[in-house]
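Here the structure is laid out as structure tokens; the discussion comes afterwards.
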Amino acid sequence: MNAQSITLGIDVSKRIFIVALPVNGKLKHRKFQNTRAGHSALLSWLEQRNAGQDAHVCMEATGVYGEALAESLYDHGLRVSIVNPARIKGFAQSEQLCTKTDRVDAGLIARFCASLKPVAWQPPALEVRKLRDLVRRLEALNGMHQQERNRLEAASQLIAEQLKEHIAYLNTEIKKLKALIEQHLDDHRDLRHRKALLQSIPGIGEATSSVILSEFADVQ
């Protein structure tokens with residue numbers, strides 16, 4: 001397979017993703033689970049077809065659904081492009097394509113990639129991605145903590161004891177996560193400096209600055 005012609009279209013959804021790999025004028029499709037194991041399975045599938053690090057992978061911008069997949073492929077050395085869905089839609093109209101299924105969309109994205117060769121995507125730096133994971137987990141735990149406190153207000157005595165135990169557990173985990181975030185910032189002084197700059201803006205506190213810094217890598 002010619003390395004210069006290897007393109008891979010991926011149609012991503014919450015639980016699965018469909019890939020389309022053009023081979024000798026035909027499309028080979030495969031479905032994978034949208035999990036870390038599924039991402040690894042895709043990489044193995046590509047290597048079996050001698051399309052390992054030479055492939056140019058294209059997918060639509062789908063928010064968090066394709067985030068981890070794009071990062072896995074990038075970390076493996078593949079060229080990854082994340083494209084505005086409006087561009088893919090326009091390309092479909094140029095082909096007068098009316099049918100819409102996951103397999104059709106994956107093939108469409110592969111042809112778009114081969115024809116227009118979109119620019120490569122750059123993920124946030126690894127230390128920013130790690131901070132993002134910690135901050136997102138902290139937000140999730142804080143959300144659970146508030147939900148349990150709300151339930152406690154109307155709970156029976158039996159359930160109240162269980163809720164109190166869970167709230168105590170969540171308090172411990174939240175404290176651990178905050179310590180991990182602080183340690184991560186200490187290990188990466190540039191991140192701590194940028195966070196301090198954010199907190200110097202009126203109205204931006206500890207929690208908000210961490211979210212902004214972890215989700216928007218270009219904040220200076």
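In the structure tokens, chains take the letters A, B, ... in the order shown, each chain's residues start at 1, and ligands count up from 1 in the order shown.
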
So that I can see what lies close to Asn150 in chain A, please list as a PyMOL selection string the residues with an atom at most 12 Å from it, counting only C-alpha atoms and leaving out residues fewer than 5 positions away in the same chain.
chain A and resi 143-145+155+160+163-164+167

Can those selected residues be exported to a file as a PDB file, in the first residue's frame so that it contains C-alpha atoms?
ATOM      1  CA  GLY A 143     -21.196  16.898  41.525  1.00  0.00           C
ATOM      2  CA  MET A 144     -21.765  13.561  43.257  1.00  0.00           C
ATOM      3  CA  HIS A 145     -21.023  15.164  46.617  1.00  0.00           C
ATOM      4  CA  ALA A 155     -33.584  10.875  53.599  1.00  0.00           C
ATOM      5  CA  ALA A 160     -29.143   8.981  55.976  1.00  0.00           C
ATOM      6  CA  LEU A 163     -25.429   8.819  52.660  1.00  0.00           C
ATOM      7  CA  LYS A 164     -23.229  10.221  55.408  1.00  0.00           C
ATOM      8  CA  ILE A 167     -20.308  11.800  51.664  1.00  0.00           C
TER       9      ILE A 167
END

I need the alpha helix (DSSP H) residues of chain A per DSSP on the backbone, written as an MDAnalysis selection string.
chainID A and resid 36:48 64:75 85:94 102:116 126:153 157:187 189:199 206:215

Using only C-alpha atoms, which protein or nucleic acid residues come within 12 Å of Glu182 in chain A? Drop anything in the same chain fewer than 4 positions from it, and give the result as a VMD selection string.
chain A and resid 131 134 to 135 175 to 178 186 to 189 191 to 192 195 206 210

Resulting file, chosen residues, C-alpha atoms, as a CSV table (one decimal), in the first residue's frame:
chain,number,residue,atom,x,y,z
A,131,LEU,CA,-4.4,18.3,34.5
A,134,LEU,CA,-7.7,15.4,37.2
A,135,VAL,CA,-9.9,18.5,37.0
A,175,LYS,CA,-9.2,16.0,49.2
A,176,LYS,CA,-6.8,13.5,47.5
A,177,LEU,CA,-7.6,14.9,44.1
A,178,LYS,CA,-7.0,18.4,45.1
A,186,ASP,CA,4.2,22.1,41.4
A,187,ASP,CA,5.8,19.6,38.9
A,188,HIS,CA,5.0,22.0,36.1
A,189,ARG,CA,5.7,25.5,37.2
A,191,LEU,CA,1.1,25.7,34.6
A,192,ARG,CA,1.1,27.2,38.1
A,195,LYS,CA,-3.0,29.6,36.8
A,206,GLU,CA,-9.4,28.5,42.3
A,210,SER,CA,-8.2,25.2,37.0

Using the chain letters and numbers from this document, which residues of range 5-76 of chain A does DSSP assign to strand (DSSP E or B), as a count of residues only?
27

So which one's closest to Asp54 in chain A, A:Ala110, A:Val104, A:Leu73, A:Leu152? Using only C-alpha atoms, please.
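The closest residue to Asp54 in chain A is A:Leu73.
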
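Restricting the calculation to only C-alpha atoms, the smallest distance between Ala68 in chain A and any of A:Asn171, A:Ser200, A:Asn34, A:Gln93 is found for A:Asn34.
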
Pick the closest to Ile88 in chain A from A:Ala61, A:Leu180, A:Leu69, A:Leu43: which is it, counting only C-alpha atoms?
A:Ala61

Residue with smallest distance to Cys113 in chain A - pool A:Gln48, A:Gln146, A:Thr35, A:Ser81, counting only C-alpha atoms
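Answer, going by the shortest atom-to-atom distance: A:Ser81.
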
So which one's closest to Ile109 in chain A, A:Arg49, A:Lys130, A:Arg87, A:Arg136? Using only C-alpha atoms, please.
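Once distances to Ile109 in chain A are computed over only C-alpha atoms, the minimum belongs to A:Arg87.
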
Which one is closest to Arg79 in chain A: A:Leu126, A:Val23, A:Cys58, A:Ala114? Count only C-alpha atoms.
A:Cys58
